[in-house]
>>> print(open('input-v4.csv').read())   # CSV, C-alpha atoms
chain,number,residue,atom,x,y,z
A,1,MET,CA,8.1,-5.2,-8.9
A,2,LYS,CA,6.5,-3.9,-5.8
A,3,VAL,CA,7.9,-3.1,-2.4
A,4,ILE,CA,6.3,-3.8,1.0
A,5,ILE,CA,8.0,-2.1,4.0
A,6,ILE,CA,7.1,-3.3,7.5
A,7,ALA,CA,6.8,-0.3,9.9
A,8,ALA,CA,4.4,-1.6,12.5
A,9,GLY,CA,6.6,-1.6,15.6
A,10,TYR,CA,7.1,0.9,18.4
A,11,GLY,CA,10.9,1.4,18.1
A,12,SER,CA,11.0,1.4,21.9
A,13,ARG,CA,14.8,0.9,22.1
A,14,LEU,CA,15.2,4.5,20.7
A,15,GLY,CA,13.4,5.9,23.8
A,16,ASN,CA,11.9,9.4,23.5
A,17,LEU,CA,13.1,9.7,19.8
A,18,THR,CA,10.3,7.3,18.8
A,19,LYS,CA,7.7,8.1,21.5
A,20,ASN,CA,5.6,10.2,19.0
A,21,THR,CA,7.5,9.5,15.8
A,22,PRO,CA,7.7,6.3,13.7
A,23,LYS,CA,11.2,5.0,13.6
A,24,GLY,CA,11.2,5.2,9.8
A,25,LEU,CA,10.8,9.0,10.0
A,26,LEU,CA,13.9,9.5,12.1
A,27,LYS,CA,16.4,11.8,10.2
A,28,ILE,CA,19.8,10.6,9.0
A,29,ASN,CA,21.7,13.7,8.0
A,30,GLY,CA,18.5,15.6,7.3
A,31,LYS,CA,16.6,12.9,5.4
A,32,SER,CA,14.4,10.2,7.0
A,33,ILE,CA,15.2,6.5,6.8
A,34,LEU,CA,12.0,5.9,4.8
A,35,GLU,CA,12.7,8.9,2.4
A,36,ARG,CA,16.1,7.4,1.7
A,37,GLN,CA,14.6,4.0,1.0
A,38,ILE,CA,11.8,5.3,-1.2
A,39,ASN,CA,14.2,7.5,-3.2
A,40,LEU,CA,16.5,4.5,-3.8
A,41,PHE,CA,13.5,2.4,-5.0
A,42,HIS,CA,12.3,5.2,-7.2
A,43,SER,CA,15.8,5.5,-8.7
A,44,LYS,CA,15.3,1.9,-10.0
A,45,LYS,CA,11.9,2.8,-11.4
A,46,ILE,CA,10.0,1.0,-8.6
A,47,SER,CA,6.9,3.1,-7.9
A,48,GLU,CA,4.5,0.7,-6.2
A,49,ILE,CA,5.6,1.1,-2.5
A,50,ASN,CA,3.4,-0.1,0.4
A,51,ILE,CA,4.0,0.6,4.1
A,52,ILE,CA,2.5,-1.5,6.8
A,53,THR,CA,1.8,0.7,9.8
A,54,GLY,CA,1.1,-0.1,13.5
A,55,PRO,CA,0.8,2.3,16.4
A,56,HIS,CA,1.9,5.2,14.2
A,57,LYS,CA,-0.6,5.5,11.4
A,58,LYS,CA,0.4,8.7,9.7
A,59,PHE,CA,3.7,9.0,7.9
A,60,GLY,CA,2.9,11.9,5.5
A,61,LEU,CA,4.9,10.5,2.6
A,62,PRO,CA,3.4,11.2,-0.8
A,63,ASP,CA,2.5,8.5,-3.4
A,64,ILE,CA,2.7,5.6,-0.9
A,65,SER,CA,0.0,3.0,-0.1
A,66,TYR,CA,-0.6,2.3,3.6
A,67,ILE,CA,-1.9,-0.8,5.2
A,68,ASN,CA,-2.7,-0.6,8.9
A,69,ASP,CA,-1.9,-3.7,10.9
A,70,LYS,CA,-4.8,-3.3,13.4
A,71,ASN,CA,-3.5,-6.3,15.4
A,72,TYR,CA,0.1,-5.1,15.8
A,73,ASP,CA,0.0,-5.6,19.5
A,74,GLU,CA,-1.1,-9.3,19.2
A,75,HIS,CA,1.7,-10.6,16.9
A,76,ASP,CA,5.2,-9.9,15.8
A,77,VAL,CA,6.9,-9.1,12.4
A,78,LEU,CA,5.6,-12.1,10.5
A,79,GLY,CA,2.0,-11.3,11.5
A,80,SER,CA,2.5,-7.7,10.5
A,81,LEU,CA,3.8,-8.7,7.0
A,82,MET,CA,0.8,-11.0,6.6
A,83,ALA,CA,-1.6,-8.1,7.3
A,84,ALA,CA,-0.6,-7.2,3.7
A,85,LYS,CA,-1.4,-10.8,2.5
A,86,ASN,CA,-3.8,-9.6,-0.1
A,87,ILE,CA,-1.1,-7.7,-2.0
A,88,ILE,CA,1.6,-10.4,-1.7
A,89,HIS,CA,1.6,-11.5,-5.2
A,90,GLY,CA,3.8,-11.0,-8.2
A,91,LYS,CA,7.5,-9.9,-7.8
A,92,ILE,CA,8.1,-8.3,-4.4
A,93,ILE,CA,10.8,-7.0,-2.2
A,94,THR,CA,9.9,-6.8,1.5
A,95,SER,CA,11.9,-4.7,3.9
A,96,TYR,CA,11.9,-3.0,7.3
A,97,SER,CA,11.5,0.7,8.0
A,98,ASP,CA,14.7,0.8,10.0
A,99,ILE,CA,17.1,-0.7,7.4
A,100,LEU,CA,19.3,1.3,5.1
A,101,PHE,CA,21.4,-0.1,2.3
A,102,GLU,CA,23.5,1.1,-0.6
A,103,GLU,CA,22.3,1.2,-4.2
A,104,LYS,CA,24.6,-1.7,-5.2
A,105,ILE,CA,22.9,-3.9,-2.6
A,106,LEU,CA,19.6,-3.1,-4.1
A,107,ASP,CA,21.0,-4.0,-7.5
A,108,GLN,CA,22.0,-7.4,-6.2
A,109,LEU,CA,18.5,-8.0,-4.9
A,110,LEU,CA,17.0,-6.9,-8.2
A,111,ASN,CA,19.3,-9.2,-10.2
A,112,PHE,CA,18.1,-12.2,-8.2
A,113,LYS,CA,16.6,-14.9,-10.5
A,114,GLY,CA,15.3,-17.5,-8.0
A,115,ASP,CA,11.9,-17.7,-6.2
A,116,ILE,CA,12.8,-16.7,-2.7
A,117,GLY,CA,16.1,-15.1,-1.8
A,118,ILE,CA,17.5,-13.4,1.3
A,119,PRO,CA,20.5,-11.0,1.4
A,120,ILE,CA,23.4,-12.2,3.6
A,121,ASP,CA,26.5,-10.4,4.7
A,122,LEU,CA,29.5,-12.6,5.3
A,123,ASP,CA,31.5,-9.7,6.7
A,124,TRP,CA,28.9,-9.0,9.3
A,125,GLU,CA,31.0,-9.1,12.5
A,126,LYS,CA,32.8,-5.8,11.9
A,127,TYR,CA,29.4,-4.0,12.3
A,128,TYR,CA,29.2,-5.1,15.9
A,129,GLU,CA,32.5,-3.6,17.1
A,130,GLY,CA,31.6,-1.1,19.8
A,131,ARG,CA,27.9,-1.8,19.3
A,132,THR,CA,27.1,-2.3,23.0
A,133,GLN,CA,23.4,-1.4,22.8
A,134,HIS,CA,22.8,-4.1,20.2
A,135,PRO,CA,25.4,-6.9,20.7
A,136,LYS,CA,26.4,-9.6,18.3
A,137,SER,CA,24.3,-12.1,20.1
A,138,GLU,CA,21.2,-10.4,18.7
A,139,ALA,CA,22.3,-10.8,15.0
A,140,ASP,CA,20.1,-13.0,12.8
A,141,ASN,CA,22.7,-15.5,11.8
A,142,VAL,CA,22.5,-17.7,8.7
A,143,LEU,CA,24.4,-21.0,8.5
A,144,LEU,CA,25.7,-21.7,5.0
A,145,LYS,CA,27.2,-24.9,3.6
A,146,ASN,CA,28.2,-25.3,-0.1
A,147,ASN,CA,26.3,-22.0,-0.8
A,148,GLN,CA,23.1,-23.5,0.6
A,149,ILE,CA,21.2,-22.1,3.6
A,150,ILE,CA,21.1,-24.7,6.4
A,151,GLU,CA,19.7,-22.7,9.3
A,152,ILE,CA,18.7,-19.2,10.3
A,153,LYS,CA,18.5,-18.0,13.9
A,154,LYS,CA,20.5,-16.1,16.5
A,155,ASN,CA,23.8,-17.3,17.9
A,156,ILE,CA,24.6,-20.1,15.4
A,157,ILE,CA,27.9,-21.9,16.0
A,158,PRO,CA,29.4,-23.7,13.0
A,159,LYS,CA,30.2,-27.4,13.6
A,160,ASN,CA,32.4,-28.0,10.6
A,161,ASN,CA,35.1,-26.2,8.7
A,162,ASP,CA,33.0,-26.1,5.6
A,163,GLU,CA,30.2,-24.2,7.3
A,164,ILE,CA,30.1,-20.4,7.1
A,165,ILE,CA,28.1,-17.9,9.3
A,166,GLY,CA,26.6,-14.7,7.8
A,167,GLU,CA,24.0,-12.2,8.9
A,168,PHE,CA,20.5,-11.8,7.4
A,169,LEU,CA,19.9,-8.2,6.5
A,170,GLY,CA,16.1,-8.3,6.7
A,171,PRO,CA,14.7,-7.9,3.2
A,172,ILE,CA,13.3,-10.8,1.2
A,173,VAL,CA,13.0,-11.0,-2.6
A,174,PHE,CA,10.1,-13.0,-4.1
A,175,SER,CA,9.4,-14.0,-7.6
A,176,GLU,CA,5.7,-14.4,-8.6
A,177,ARG,CA,6.0,-18.1,-7.7
A,178,GLY,CA,7.8,-17.3,-4.5
A,179,SER,CA,5.1,-15.0,-3.3
A,180,GLU,CA,2.5,-17.7,-4.0
A,181,ILE,CA,4.5,-20.3,-2.1
A,182,PHE,CA,5.0,-18.0,0.9
A,183,VAL,CA,1.4,-17.0,1.3
A,184,LYS,CA,0.0,-20.5,0.8
A,185,TYR,CA,2.4,-22.0,3.2
A,186,TYR,CA,1.6,-19.4,5.8
A,187,GLU,CA,-2.1,-20.1,5.4
A,188,LYS,CA,-1.5,-23.8,6.0
A,189,LEU,CA,0.5,-23.0,9.2
A,190,GLU,CA,-2.4,-20.9,10.5
A,191,GLN,CA,-4.6,-24.1,10.4
A,192,SER,CA,-2.0,-26.5,11.7
A,193,ILE,CA,0.5,-24.8,14.1
A,194,HIS,CA,-0.4,-24.7,17.8
A,195,GLY,CA,2.2,-23.7,20.4
A,196,LYS,CA,5.9,-23.1,19.8
A,197,PHE,CA,7.0,-22.3,16.3
A,198,HIS,CA,10.8,-22.6,15.9
A,199,ASN,CA,12.3,-19.8,18.1
A,200,ALA,CA,9.0,-18.1,18.8
A,201,PRO,CA,6.5,-19.1,21.4
A,202,SER,CA,3.8,-19.2,18.7
A,203,LEU,CA,3.1,-18.5,15.1
A,204,LYS,CA,1.5,-15.2,16.2
A,205,LYS,CA,4.8,-14.1,17.9
A,206,ALA,CA,7.0,-15.3,15.0
A,207,TYR,CA,9.6,-13.3,13.2
A,208,LEU,CA,10.4,-13.6,9.5
A,209,THR,CA,13.4,-15.8,10.4
A,210,ASP,CA,11.1,-18.4,11.9
A,211,MET,CA,9.1,-18.5,8.7
A,212,ILE,CA,12.2,-18.8,6.6
A,213,GLN,CA,13.5,-21.7,8.9
A,214,GLU,CA,10.1,-23.4,8.5
A,215,LEU,CA,10.4,-23.3,4.7
A,216,ILE,CA,14.0,-24.6,4.8
A,217,LYS,CA,12.8,-27.4,7.1
A,218,LYS,CA,10.1,-28.3,4.5
A,219,ASN,CA,12.7,-28.3,1.7
A,220,ILE,CA,11.4,-25.2,0.1
A,221,HIS,CA,14.4,-23.6,-1.5
A,222,ILE,CA,15.6,-20.3,-0.1
A,223,ASP,CA,18.6,-18.9,-2.0
A,224,PRO,CA,21.3,-16.8,-0.3
A,225,ILE,CA,22.1,-13.5,-2.0
A,226,ILE,CA,25.6,-12.8,-0.8
A,227,ILE,CA,25.8,-9.0,-0.7
A,228,ASP,CA,28.7,-6.5,-1.0
A,229,GLY,CA,28.2,-3.0,0.2
A,230,ASN,CA,27.3,-0.9,3.2
A,231,TRP,CA,24.1,-1.3,5.1
A,232,CYS,CA,22.8,-0.8,8.7
A,233,GLU,CA,19.9,-1.5,11.0
A,234,ILE,CA,18.8,1.4,13.1
A,235,ASP,CA,17.6,0.0,16.4
A,236,THR,CA,19.4,2.1,19.1
A,237,PRO,CA,21.0,5.6,19.5
A,238,GLN,CA,24.4,4.1,18.7
A,239,ASP,CA,23.0,2.8,15.4
A,240,LEU,CA,21.8,6.3,14.5
A,241,ILE,CA,25.3,7.7,15.0
A,242,ARG,CA,26.7,4.9,12.8
A,243,ALA,CA,24.1,5.4,10.1
A,244,GLU,CA,25.1,9.1,9.9
A,245,LYS,CA,28.7,8.1,9.2
A,246,LEU,CA,27.7,5.6,6.5
A,247,PHE,CA,24.9,7.5,4.7
A,248,ASN,CA,25.6,11.2,3.9
>>> encode(input="input-v4.csv", output="C-alpha coordinates")
Amino acid sequence: MKVIIIAAGYGSRLGNLTKNTPKGLLKINGKSILERQINLFHSKKISEINIITGPHKKFGLPDISYINDKNYDEHDVLGSLMAAKNIIHGKIITSYSDILFEEKILDQLLNFKGDIGIPIDLDWEKYYEGRTQHPKSEADNVLLKNNQIIEIKKNIIPKNNDEIIGEFLGPIVFSERGSEIFVKYYEKLEQSIHGKFHNAPSLKKAYLTDMIQELIKKNIHIDPIIIDGNWCEIDTPQDLIRAEKLFN
(Lines of atoms letter the chains of each structure in order from A and count residues from 1; the text may use other names and numbers.)
(Lines give C-alpha, C1' and ligand atoms only; values in the text may rest on other atoms or scores of the structure.)
Protein backbone atom coordinates (compact mmCIF):
# COMPACT_ATOMS: atom_id res chain seq x y z
CA MET A 1 0.00 0.00 0.00
CA LYS A 2 1.24 3.48 -0.86
CA VAL A 3 -0.16 6.91 -0.08
CA ILE A 4 -0.33 9.94 -2.38
CA ILE A 5 -1.17 13.26 -0.72
CA ILE A 6 -2.19 16.21 -2.89
CA ALA A 7 -0.67 19.45 -1.55
CA ALA A 8 -0.45 21.57 -4.70
CA GLY A 9 -2.82 24.40 -3.77
CA TYR A 10 -2.33 27.87 -2.30
CA GLY A 11 -4.66 27.51 0.69
CA SER A 12 -5.71 31.11 0.02
CA ARG A 13 -8.82 31.03 2.22
CA LEU A 14 -6.53 30.90 5.24
CA GLY A 15 -5.06 34.29 4.35
CA ASN A 16 -1.68 35.21 5.79
CA LEU A 17 -1.40 31.85 7.55
CA THR A 18 -0.57 30.20 4.22
CA LYS A 19 1.12 33.10 2.45
CA ASN A 20 4.55 31.55 2.96
CA THR A 21 3.60 28.20 4.49
CA PRO A 22 1.94 25.18 2.84
CA LYS A 23 -1.47 24.50 4.37
CA GLY A 24 -0.38 21.00 5.31
CA LEU A 25 2.31 22.43 7.61
CA LEU A 26 -0.14 24.44 9.72
CA LYS A 27 0.01 23.33 13.34
CA ILE A 28 -2.91 21.64 15.10
CA ASN A 29 -2.09 21.62 18.82
CA GLY A 30 1.62 21.76 18.11
CA LYS A 31 1.81 19.20 15.31
CA SER A 32 1.26 19.90 11.61
CA ILE A 33 -1.59 18.43 9.60
CA LEU A 34 0.85 16.45 7.45
CA GLU A 35 2.83 15.19 10.44
CA ARG A 36 -0.41 13.89 11.92
CA GLN A 37 -1.36 12.18 8.66
CA ILE A 38 2.08 10.66 8.18
CA ASN A 39 2.26 9.39 11.77
CA LEU A 40 -1.14 7.76 11.34
CA PHE A 41 -0.08 6.01 8.13
CA HIS A 42 3.18 4.91 9.73
CA SER A 43 1.24 3.41 12.64
CA LYS A 44 -0.35 1.06 10.07
CA LYS A 45 3.04 0.11 8.63
CA ILE A 46 2.54 2.24 5.50
CA SER A 47 5.93 3.73 4.70
CA GLU A 48 5.66 4.70 1.02
CA ILE A 49 4.24 8.21 1.26
CA ASN A 50 4.32 10.67 -1.65
CA ILE A 51 3.37 14.36 -1.56
CA ILE A 52 2.40 16.30 -4.68
CA THR A 53 3.58 19.89 -4.29
CA GLY A 54 2.66 23.08 -6.12
CA PRO A 55 3.69 26.67 -5.28
CA HIS A 56 5.30 25.49 -2.02
CA LYS A 57 8.00 23.01 -2.97
CA LYS A 58 9.79 22.48 0.34
CA PHE A 59 8.03 20.73 3.22
CA GLY A 60 11.04 19.51 5.17
CA LEU A 61 9.44 16.21 6.17
CA PRO A 62 11.82 13.23 6.39
CA ASP A 63 11.47 9.99 4.44
CA ILE A 64 8.85 11.40 2.05
CA SER A 65 8.94 11.37 -1.76
CA TYR A 66 7.96 14.63 -3.44
CA ILE A 67 6.46 15.15 -6.87
CA ASN A 68 6.27 18.75 -8.01
CA ASP A 69 3.23 19.65 -10.10
CA LYS A 70 4.90 22.21 -12.34
CA ASN A 71 1.59 23.09 -13.97
CA TYR A 72 -0.41 23.62 -10.77
CA ASP A 73 -1.61 27.03 -12.02
CA GLU A 74 -3.06 25.51 -15.20
CA HIS A 75 -5.33 22.87 -13.69
CA ASP A 76 -7.19 21.87 -10.53
CA VAL A 77 -7.03 18.92 -8.13
CA LEU A 78 -7.55 16.13 -10.68
CA GLY A 79 -4.69 17.46 -12.81
CA SER A 80 -2.47 17.70 -9.74
CA LEU A 81 -3.13 14.08 -8.86
CA MET A 82 -2.31 13.04 -12.41
CA ALA A 83 1.07 14.76 -12.11
CA ALA A 84 1.86 11.60 -10.14
CA LYS A 85 0.42 9.33 -12.83
CA ASN A 86 3.64 7.33 -13.12
CA ILE A 87 3.30 6.06 -9.56
CA ILE A 88 -0.45 5.42 -9.62
CA HIS A 89 -0.23 1.65 -9.70
CA GLY A 90 -0.77 -1.04 -7.12
CA LYS A 91 -2.78 -0.48 -3.95
CA ILE A 92 -3.11 3.21 -3.14
CA ILE A 93 -4.83 5.67 -0.84
CA THR A 94 -4.96 9.23 -2.15
CA SER A 95 -5.72 12.10 0.20
CA TYR A 96 -5.43 15.87 0.62
CA SER A 97 -2.96 17.78 2.78
CA ASP A 98 -5.78 19.58 4.60
CA ILE A 99 -7.74 16.53 5.80
CA LEU A 100 -7.52 14.93 9.22
CA PHE A 101 -9.27 11.74 10.26
CA GLU A 102 -9.19 9.32 13.15
CA GLU A 103 -7.43 5.97 13.18
CA LYS A 104 -10.68 4.06 12.97
CA ILE A 105 -11.54 5.82 9.71
CA LEU A 106 -8.18 4.79 8.26
CA ASP A 107 -8.90 1.23 9.42
CA GLN A 108 -12.15 1.32 7.46
CA LEU A 109 -10.28 2.46 4.35
CA LEU A 110 -7.66 -0.25 4.75
CA ASN A 111 -10.33 -2.92 5.18
CA PHE A 112 -11.94 -2.01 1.84
CA LYS A 113 -11.91 -4.97 -0.58
CA GLY A 114 -13.24 -3.45 -3.80
CA ASP A 115 -11.43 -1.75 -6.69
CA ILE A 116 -12.29 1.92 -6.11
CA GLY A 117 -13.87 3.15 -2.90
CA ILE A 118 -14.64 6.56 -1.44
CA PRO A 119 -15.33 7.33 2.25
CA ILE A 120 -18.72 8.90 2.91
CA ASP A 121 -20.07 10.47 6.11
CA LEU A 122 -23.84 10.13 6.49
CA ASP A 123 -23.82 12.30 9.62
CA TRP A 124 -22.15 15.16 7.79
CA GLU A 125 -24.55 18.04 8.38
CA LYS A 126 -23.56 18.46 12.04
CA TYR A 127 -20.10 19.57 10.92
CA TYR A 128 -21.56 22.65 9.24
CA GLU A 129 -23.25 24.10 12.32
CA GLY A 130 -21.70 27.54 12.80
CA ARG A 131 -19.31 27.01 9.89
CA THR A 132 -20.06 30.33 8.20
CA GLN A 133 -16.75 30.59 6.36
CA HIS A 134 -17.35 27.24 4.64
CA PRO A 135 -21.13 26.74 4.36
CA LYS A 136 -22.99 23.49 3.75
CA SER A 137 -23.52 24.48 0.11
CA GLU A 138 -19.80 23.79 -0.49
CA ALA A 139 -19.93 20.18 0.72
CA ASP A 140 -19.15 17.46 -1.82
CA ASN A 141 -22.41 15.55 -1.55
CA VAL A 142 -22.92 11.93 -2.52
CA LEU A 143 -26.34 10.55 -3.44
CA LEU A 144 -26.84 6.94 -2.35
CA LYS A 145 -29.63 4.53 -3.20
CA ASN A 146 -29.60 0.91 -2.03
CA ASN A 147 -25.99 1.44 -0.93
CA GLN A 148 -24.99 2.40 -4.48
CA ILE A 149 -23.48 5.76 -5.45
CA ILE A 150 -25.79 7.48 -7.91
CA GLU A 151 -24.26 10.94 -8.08
CA ILE A 152 -21.52 13.09 -6.57
CA LYS A 153 -21.54 16.89 -6.65
CA LYS A 154 -22.42 19.88 -4.49
CA ASN A 155 -25.98 20.71 -3.39
CA ILE A 156 -27.69 17.41 -4.18
CA ILE A 157 -31.36 17.25 -3.28
CA PRO A 158 -32.86 13.74 -2.94
CA LYS A 159 -35.94 13.10 -5.05
CA ASN A 160 -37.19 9.94 -3.34
CA ASN A 161 -37.48 8.64 0.23
CA ASP A 162 -35.08 5.78 -0.50
CA GLU A 163 -32.26 8.17 -1.44
CA ILE A 164 -29.68 9.25 1.13
CA ILE A 165 -27.24 12.17 1.07
CA GLY A 166 -23.74 11.94 2.52
CA GLU A 167 -20.51 13.88 2.22
CA PHE A 168 -17.36 12.68 0.43
CA LEU A 169 -14.36 13.10 2.73
CA GLY A 170 -11.76 13.41 -0.05
CA PRO A 171 -9.55 10.28 0.08
CA ILE A 172 -9.88 7.51 -2.52
CA VAL A 173 -8.88 3.88 -2.07
CA PHE A 174 -7.63 1.92 -5.08
CA SER A 175 -6.86 -1.73 -5.55
CA GLU A 176 -4.24 -2.64 -8.13
CA ARG A 177 -7.00 -3.04 -10.71
CA GLY A 178 -8.67 0.18 -9.56
CA SER A 179 -5.46 2.17 -10.09
CA GLU A 180 -5.16 0.79 -13.61
CA ILE A 181 -8.79 1.61 -14.42
CA PHE A 182 -8.44 5.18 -13.13
CA VAL A 183 -5.26 6.03 -15.04
CA LYS A 184 -6.33 4.41 -18.31
CA TYR A 185 -9.68 6.14 -18.25
CA TYR A 186 -8.09 9.51 -17.53
CA GLU A 187 -5.74 9.04 -20.48
CA LYS A 188 -8.73 8.32 -22.73
CA LEU A 189 -10.44 11.49 -21.49
CA GLU A 190 -7.36 13.56 -22.31
CA GLN A 191 -7.80 12.56 -25.95
CA SER A 192 -11.58 12.85 -26.15
CA ILE A 193 -12.90 15.55 -23.80
CA HIS A 194 -13.08 19.12 -25.07
CA GLY A 195 -15.00 21.81 -23.21
CA LYS A 196 -17.18 21.30 -20.14
CA PHE A 197 -16.55 18.23 -18.00
CA HIS A 198 -19.37 17.57 -15.53
CA ASN A 199 -19.30 20.48 -13.05
CA ALA A 200 -15.96 21.82 -14.27
CA PRO A 201 -15.41 24.12 -17.26
CA SER A 202 -12.88 21.63 -18.66
CA LEU A 203 -10.96 18.47 -17.83
CA LYS A 204 -7.99 20.64 -16.83
CA LYS A 205 -10.10 22.46 -14.25
CA ALA A 206 -11.76 19.30 -12.91
CA TYR A 207 -11.93 18.10 -9.34
CA LEU A 208 -11.73 14.48 -8.22
CA THR A 209 -15.51 14.53 -7.84
CA ASP A 210 -15.88 15.23 -11.57
CA MET A 211 -13.72 12.21 -12.38
CA ILE A 212 -15.66 10.02 -9.96
CA GLN A 213 -18.93 11.15 -11.57
CA GLU A 214 -17.55 10.31 -15.01
CA LEU A 215 -16.65 6.80 -13.89
CA ILE A 216 -20.13 6.33 -12.39
CA LYS A 217 -21.67 7.56 -15.64
CA LYS A 218 -19.67 4.93 -17.54
CA ASN A 219 -20.85 2.18 -15.16
CA ILE A 220 -17.45 1.76 -13.56
CA HIS A 221 -18.26 0.67 -10.03
CA ILE A 222 -17.34 3.07 -7.23
CA ASP A 223 -18.07 1.66 -3.79
CA PRO A 224 -19.19 3.75 -0.81
CA ILE A 225 -17.20 3.29 2.38
CA ILE A 226 -19.60 4.50 5.06
CA ILE A 227 -17.35 5.85 7.77
CA ASP A 228 -17.78 6.23 11.50
CA GLY A 229 -15.47 8.59 13.37
CA ASN A 230 -14.20 12.15 13.57
CA TRP A 231 -12.64 13.92 10.63
CA CYS A 232 -12.28 17.46 9.37
CA GLU A 233 -11.22 19.51 6.40
CA ILE A 234 -9.12 22.56 7.24
CA ASP A 235 -9.98 25.26 4.75
CA THR A 236 -10.65 28.38 6.86
CA PRO A 237 -9.64 29.90 10.22
CA GLN A 238 -12.89 28.50 11.69
CA ASP A 239 -11.82 25.02 10.58
CA LEU A 240 -8.50 25.40 12.38
CA ILE A 241 -10.31 26.10 15.64
CA ARG A 242 -12.57 23.08 15.14
CA ALA A 243 -9.62 20.82 14.29
CA GLU A 244 -7.90 21.78 17.55
CA LYS A 245 -11.02 20.67 19.44
CA LEU A 246 -11.19 17.33 17.63
CA PHE A 247 -7.50 16.40 17.47
CA ASN A 248 -5.41 16.78 20.61
>>> closest_residue(input="input-v4.csv", among="A:Leu17, A:Pro201, A:Asp235, A:Asn160", to="Pro135 (chain A)", atoms="only C-alpha atoms")
A:Asp235
>>> residues_around(input="input-v4.csv", residues="Ile216 (chain A)", least_positions_apart="6", cutoff="9 Å", atoms="all atoms listed in the file", output="ChimeraX atom specification")
/A:149-151,222
>>> atom_distance(input="input-v4.csv", atom1="CA of Asn146 (chain A)", atom2="CA of Phe182 (chain A)")
24.3 Å
>>> atom_distance(input="input-v4.csv", atom1="CA of Asn29 (chain A)", atom2="CA of Arg242 (chain A)")
11.2 Å
>>> closest_residue(input="input-v4.csv", among="A:Ile234, A:Leu109, A:Ile164, A:Leu203", to="Ser32 (chain A)", atoms="all atoms listed in the file")
A:Ile234
>>> closest_residue(input="input-v4.csv", among="A:Gln148, A:Gln238, A:Asn111, A:Asn141", to="Asp123 (chain A)", atoms="all atoms listed in the file")
A:Asn141
>>> atom_distance(input="input-v4.csv", atom1="CA of Lys196 (chain A)", atom2="CA of Ile212 (chain A)")
15.2 Å
>>> residues_near_point(input="input-v4.csv", point="(20.4, 0.1, 6.3)", cutoff="12 Å", atoms="only C-alpha atoms", output="NGL selection string")
:A and (24 or 28 or 32-34 or 36-37 or 40 or 95-103 or 105-106 or 127 or 168-171 or 229-235 or 239-240 or 242-247)
>>> residues_around(input="input-v4.csv", residues="Ala83 (chain A)", least_positions_apart="3", cutoff="12 Å", atoms="all atoms listed in the file", output="PyMOL selection string")
chain A and resi 4-8+50-54+66-72+74-80+86-88+183+186+204
>>> closest_residue(input="input-v4.csv", among="A:Phe112, A:Lys45, A:Ile38, A:Asn248", to="Asp63 (chain A)", atoms="all atoms listed in the file")
A:Ile38
>>> residues_around(input="input-v4.csv", residues="Pro22 (chain A)", least_positions_apart="3", cutoff="9 Å", atoms="all atoms listed in the file", output="number ranges by chain")
A: 7-11, 17-19, 25-26, 55-59, 97
